[in-house]
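**Student:** Following this message is one structure expressed as structure tokens.
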Amino acid sequence: MTQVRTVDGRVAGRRGQATRTRLLECLAEMLTTTAYRDVTVIDVARLAGTSPATFYQYFPDIQAAVLELAGDVLRDAAALRDLVADRSWSGRSGSAAAGQLVDGFLNFWRDHDAILRVLDLAAAEGDRRFSRIRMKLLNIVVTAVAEAITELQRTGKVDGDVLPTATAGVLVTMLSACAAHTKAFESWSVKEADLRAALTRLVAWGVTGKKPVAA
């Protein structure tokens with residue numbers, strides 16, 4: 001178990017670390033059903049079977065605890081890079097790589113929906129702590145996609161006037177926006193499979209500069 005400290009700087013023992021973990025788990029659970037601004041320390045502590053005083057031993061406020069959860073999501077996002085890096089983006093391989101990126105990205109967003117919604121909200125409200133985490137998360141994918149485009153340019157498969165980072169930023173922003181608003185597609189009677197197919201086509205086209213090759 002990773003060593004952690006209390007708010008006053010003391011090293012938490014095994015029991016204390018377990019309590020801290022339990023508090024974070026309960027907070028994450030609450031965020032799936034309760035609006036971020038409505039979550040209180042009292043409610044989290046009650047769900048965890050402990051007291052608000054215990055909560056404050058480990059976190060100065062709810063925002064600090066949410067930032068801990070967001071940090072965990074950021075670490076998990078490192079796996080998204082593997083969906084882009086060291087893959088062939090030529091011909092049918094490009095379409096397959098795009099499909100794997102889209103599937104992985106949408107699944108990641110669904111699995112971490114509650115925390116990612118808080119990140120979006122707090123970032124939009126100007127909280128730089130949350131903005132930095134959100135940008136780091138997206139940059140993981142933007143950097144990998146930009147590198148894939150650059151490699152295709154190096155081998156002459158993508159025109160030299162294509163701007164890799166700008167193109168990657170547009171594609172990743174598109175993915176994040178669609179992933180965060182899947183209910184809108186449901187209201188338009190767009191099936192999830194059709195959404196994934198449309199995104200795959202656009203990502204493949206955006207990275208390779210060519211119409212995707214059918215599998």
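Letters A, B, ... go to the chains of the structure tokens in the order shown; residues in each chain start at 1; ligands are counted from 1 in the same order.
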Please return as a list in words: the residues of stretch 131-160 of chain A that backbone DSSP assigns to alpha helix (DSSP H).
**Tutor:**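 So the alpha helix (DSSP H) residues in stretch 131-160 of chain A would be Ser131, Arg132, Ile133, Arg134, Met135, Lys136, Leu137, Leu138, Asn139, Ile140, Val141, Val142, Thr143, Ala144, Val145, Ala146, Glu147, Ala148, Ile149, Thr150, Glu151, Leu152, Gln153 and Arg154 of chain A.
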**Student:** Got time to write the residues from that selection, N, CA and C atoms, as an mmCIF file, in the first residue's frame?
**Tutor:**
data_model
loop_
_atom_site.group_PDB
_atom_site.id
_atom_site.type_symbol
_atom_site.label_atom_id
_atom_site.label_comp_id
_atom_site.auth_asym_id
_atom_site.auth_seq_id
_atom_site.Cartn_x
_atom_site.Cartn_y
_atom_site.Cartn_z
ATOM 1 N N SER A 131 -8.266 22.141 -14.464
ATOM 2 C CA SER A 131 -7.908 22.409 -15.867
ATOM 3 C C SER A 131 -6.597 21.736 -16.228
ATOM 4 N N ARG A 132 -5.624 21.797 -15.318
ATOM 5 C CA ARG A 132 -4.322 21.192 -15.596
ATOM 6 C C ARG A 132 -4.437 19.685 -15.764
ATOM 7 N N ILE A 133 -5.217 19.044 -14.898
ATOM 8 C CA ILE A 133 -5.380 17.594 -15.011
ATOM 9 C C ILE A 133 -6.083 17.245 -16.315
ATOM 10 N N ARG A 134 -7.115 17.998 -16.664
ATOM 11 C CA ARG A 134 -7.858 17.734 -17.904
ATOM 12 C C ARG A 134 -6.950 17.881 -19.123
ATOM 13 N N MET A 135 -6.125 18.927 -19.134
ATOM 14 C CA MET A 135 -5.236 19.136 -20.267
ATOM 15 C C MET A 135 -4.169 18.049 -20.336
ATOM 16 N N LYS A 136 -3.647 17.629 -19.202
ATOM 17 C CA LYS A 136 -2.654 16.556 -19.199
ATOM 18 C C LYS A 136 -3.261 15.278 -19.760
ATOM 19 N N LEU A 137 -4.513 15.008 -19.380
ATOM 20 C CA LEU A 137 -5.188 13.805 -19.861
ATOM 21 C C LEU A 137 -5.328 13.837 -21.384
ATOM 22 N N LEU A 138 -5.835 14.951 -21.907
ATOM 23 C CA LEU A 138 -6.018 15.051 -23.358
ATOM 24 C C LEU A 138 -4.673 15.074 -24.082
ATOM 25 N N ASN A 139 -3.677 15.710 -23.471
ATOM 26 C CA ASN A 139 -2.356 15.793 -24.116
ATOM 27 C C ASN A 139 -1.719 14.428 -24.330
ATOM 28 N N ILE A 140 -2.053 13.478 -23.458
ATOM 29 C CA ILE A 140 -1.522 12.123 -23.632
ATOM 30 C C ILE A 140 -1.898 11.590 -25.006
ATOM 31 N N VAL A 141 -3.152 11.795 -25.393
ATOM 32 C CA VAL A 141 -3.634 11.287 -26.681
ATOM 33 C C VAL A 141 -3.221 12.208 -27.819
ATOM 34 N N VAL A 142 -3.300 13.523 -27.600
ATOM 35 C CA VAL A 142 -2.917 14.476 -28.650
ATOM 36 C C VAL A 142 -1.472 14.252 -29.087
ATOM 37 N N THR A 143 -0.584 14.098 -28.123
ATOM 38 C CA THR A 143 0.830 13.899 -28.449
ATOM 39 C C THR A 143 1.037 12.621 -29.256
ATOM 40 N N ALA A 144 0.363 11.551 -28.855
ATOM 41 C CA ALA A 144 0.520 10.274 -29.557
ATOM 42 C C ALA A 144 -0.018 10.356 -30.981
ATOM 43 N N VAL A 145 -1.187 10.988 -31.159
ATOM 44 C CA VAL A 145 -1.760 11.119 -32.505
ATOM 45 C C VAL A 145 -0.887 12.009 -33.372
ATOM 46 N N ALA A 146 -0.385 13.097 -32.800
ATOM 47 C CA ALA A 146 0.503 13.988 -33.560
ATOM 48 C C ALA A 146 1.763 13.255 -34.019
ATOM 49 N N GLU A 147 2.288 12.397 -33.160
ATOM 50 C CA GLU A 147 3.483 11.627 -33.524
ATOM 51 C C GLU A 147 3.169 10.641 -34.649
ATOM 52 N N ALA A 148 1.962 10.059 -34.628
ATOM 53 C CA ALA A 148 1.569 9.125 -35.694
ATOM 54 C C ALA A 148 1.476 9.859 -37.032
ATOM 55 N N ILE A 149 0.905 11.067 -37.014
ATOM 56 C CA ILE A 149 0.802 11.856 -38.249
ATOM 57 C C ILE A 149 2.186 12.253 -38.749
ATOM 58 N N THR A 150 3.042 12.663 -37.831
ATOM 59 C CA THR A 150 4.406 13.054 -38.198
ATOM 60 C C THR A 150 5.155 11.893 -38.842
ATOM 61 N N GLU A 151 4.966 10.694 -38.305
ATOM 62 C CA GLU A 151 5.630 9.519 -38.876
ATOM 63 C C GLU A 151 5.115 9.242 -40.284
ATOM 64 N N LEU A 152 3.810 9.399 -40.506
ATOM 65 C CA LEU A 152 3.264 9.215 -41.851
ATOM 66 C C LEU A 152 3.811 10.265 -42.809
ATOM 67 N N GLN A 153 4.023 11.475 -42.326
ATOM 68 C CA GLN A 153 4.637 12.509 -43.159
ATOM 69 C C GLN A 153 6.076 12.143 -43.498
ATOM 70 N N ARG A 154 6.788 11.603 -42.531
ATOM 71 C CA ARG A 154 8.186 11.245 -42.742
ATOM 72 C C ARG A 154 8.344 10.212 -43.852
#
**Student:** Just to confirm, what's the straight-line distance from atom CA of A:Arg20 to atom CA of A:Tyr58 in Å (one decimal)?
**Tutor:** 6.5 Å
**Student:** Calculate how many Å separate atom CA of A:Glu25 from atom CA of A:Glu68, rounding to one decimal.
**Tutor:**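 About the pair atom CA of A:Glu25 and atom CA of A:Glu68: they are 10.9 Å apart.
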**Student:** Determine, counting only C-alpha atoms, which protein, DNA and RNA residues have an atom within 12 Å of an atom of A:Trp109; residues of the same chain fewer than 3 positions away are not included. Present the result as number ranges by chain.
**Tutor:** A: 73-74, 76-77, 80, 102-106, 112-117, 119, 137-138, 175-182
**Student:** Can I get the selection written as a CSV table (one decimal), in the first residue's frame, with N, CA, C and O atoms?
**Tutor:**
chain,number,residue,atom,x,y,z
A,73,VAL,N,-7.5,8.9,-12.3
A,73,VAL,CA,-8.0,8.8,-13.7
A,73,VAL,C,-6.9,9.2,-14.7
A,73,VAL,O,-6.8,8.6,-15.7
A,74,LEU,N,-6.2,10.3,-14.3
A,74,LEU,CA,-5.1,10.7,-15.2
A,74,LEU,C,-4.0,9.6,-15.4
A,74,LEU,O,-3.5,9.3,-16.5
A,76,ASP,N,-4.6,6.4,-15.1
A,76,ASP,CA,-5.3,5.4,-16.0
A,76,ASP,C,-5.2,5.8,-17.5
A,76,ASP,O,-5.2,4.9,-18.3
A,77,ALA,N,-5.3,7.1,-17.7
A,77,ALA,CA,-5.3,7.6,-19.1
A,77,ALA,C,-4.0,7.3,-19.8
A,77,ALA,O,-4.0,7.3,-21.1
A,80,LEU,N,-4.2,5.1,-22.8
A,80,LEU,CA,-4.8,5.5,-24.1
A,80,LEU,C,-3.7,5.7,-25.1
A,80,LEU,O,-3.9,5.6,-26.3
A,102,VAL,N,-10.9,4.8,-31.0
A,102,VAL,CA,-12.3,5.3,-30.7
A,102,VAL,C,-12.9,4.4,-29.6
A,102,VAL,O,-13.5,4.9,-28.6
A,103,ASP,N,-12.8,3.1,-29.7
A,103,ASP,CA,-13.4,2.2,-28.7
A,103,ASP,C,-12.8,2.4,-27.4
A,103,ASP,O,-13.5,2.5,-26.4
A,104,GLY,N,-11.5,2.5,-27.3
A,104,GLY,CA,-10.8,2.7,-26.1
A,104,GLY,C,-11.1,4.0,-25.4
A,104,GLY,O,-11.3,4.1,-24.2
A,105,PHE,N,-11.2,5.0,-26.2
A,105,PHE,CA,-11.4,6.4,-25.7
A,105,PHE,C,-12.9,6.4,-25.2
A,105,PHE,O,-13.1,6.9,-24.0
A,106,LEU,N,-13.8,6.0,-25.9
A,106,LEU,CA,-15.2,6.0,-25.4
A,106,LEU,C,-15.4,5.1,-24.2
A,106,LEU,O,-16.2,5.5,-23.3
A,112,HIS,N,-15.0,6.3,-16.5
A,112,HIS,CA,-14.7,7.4,-15.6
A,112,HIS,C,-15.6,8.6,-15.7
A,112,HIS,O,-15.2,9.7,-15.4
A,113,ASP,N,-16.8,8.3,-16.1
A,113,ASP,CA,-17.7,9.4,-16.5
A,113,ASP,C,-17.9,10.4,-15.3
A,113,ASP,O,-17.9,11.6,-15.6
A,114,ALA,N,-18.1,10.0,-14.1
A,114,ALA,CA,-18.4,10.9,-13.0
A,114,ALA,C,-17.3,11.9,-12.8
A,114,ALA,O,-17.5,13.1,-12.6
A,115,ILE,N,-16.1,11.3,-12.7
A,115,ILE,CA,-14.9,12.2,-12.4
A,115,ILE,C,-14.7,13.1,-13.6
A,115,ILE,O,-14.3,14.3,-13.4
A,116,LEU,N,-14.8,12.6,-14.8
A,116,LEU,CA,-14.5,13.5,-16.0
A,116,LEU,C,-15.6,14.6,-16.1
A,116,LEU,O,-15.3,15.7,-16.6
A,117,ARG,N,-16.8,14.3,-15.7
A,117,ARG,CA,-17.8,15.4,-15.7
A,117,ARG,C,-17.4,16.5,-14.7
A,117,ARG,O,-17.6,17.7,-15.0
A,119,LEU,N,-14.3,17.2,-13.8
A,119,LEU,CA,-13.2,17.9,-14.4
A,119,LEU,C,-13.7,18.9,-15.4
A,119,LEU,O,-13.2,20.1,-15.4
A,137,LEU,N,-4.5,15.0,-19.4
A,137,LEU,CA,-5.2,13.8,-19.9
A,137,LEU,C,-5.3,13.8,-21.4
A,137,LEU,O,-5.0,12.9,-22.1
A,138,LEU,N,-5.8,15.0,-21.9
A,138,LEU,CA,-6.0,15.1,-23.4
A,138,LEU,C,-4.7,15.1,-24.1
A,138,LEU,O,-4.5,14.5,-25.2
A,175,LEU,N,-13.3,13.7,-30.1
A,175,LEU,CA,-13.6,12.4,-29.3
A,175,LEU,C,-14.1,12.7,-27.9
A,175,LEU,O,-15.1,12.1,-27.4
A,176,SER,N,-13.5,13.7,-27.2
A,176,SER,CA,-13.9,14.0,-25.8
A,176,SER,C,-15.3,14.6,-25.8
A,176,SER,O,-16.0,14.3,-24.9
A,177,ALA,N,-15.6,15.5,-26.8
A,177,ALA,CA,-16.9,16.1,-26.8
A,177,ALA,C,-18.0,15.0,-27.0
A,177,ALA,O,-19.0,15.0,-26.4
A,178,CYS,N,-17.7,14.1,-28.0
A,178,CYS,CA,-18.7,13.1,-28.3
A,178,CYS,C,-18.9,12.1,-27.1
A,178,CYS,O,-20.0,11.7,-26.7
A,179,ALA,N,-17.7,11.8,-26.5
A,179,ALA,CA,-17.8,10.9,-25.3
A,179,ALA,C,-18.5,11.5,-24.2
A,179,ALA,O,-19.2,10.8,-23.4
A,180,ALA,N,-18.4,12.8,-24.0
A,180,ALA,CA,-19.1,13.5,-22.9
A,180,ALA,C,-20.6,13.7,-23.1
A,180,ALA,O,-21.3,14.1,-22.2
A,181,HIS,N,-21.0,13.5,-24.4
A,181,HIS,CA,-22.4,13.9,-24.7
A,181,HIS,C,-23.1,12.7,-25.4
A,181,HIS,O,-23.8,12.9,-26.4
A,182,THR,N,-22.9,11.5,-25.0
A,182,THR,CA,-23.5,10.4,-25.6
A,182,THR,C,-25.0,10.4,-25.5
A,182,THR,O,-25.7,9.8,-26.4
**Student:** Quick one: residues within 9 Å of stretch 29-46 of chain A, only C-alpha atoms counted, chain neighbours fewer than 4 positions away excluded, as a list in words?
**Tutor:**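 So the residues in contact are Leu23, Leu24, Glu25, Thr50, Ser51, Pro52, Ala53, Thr54, Phe55, Tyr56, Asp61, Ile62, Asp113, Ala114, Ile115, Arg117, Val118 and Leu121 of chain A.
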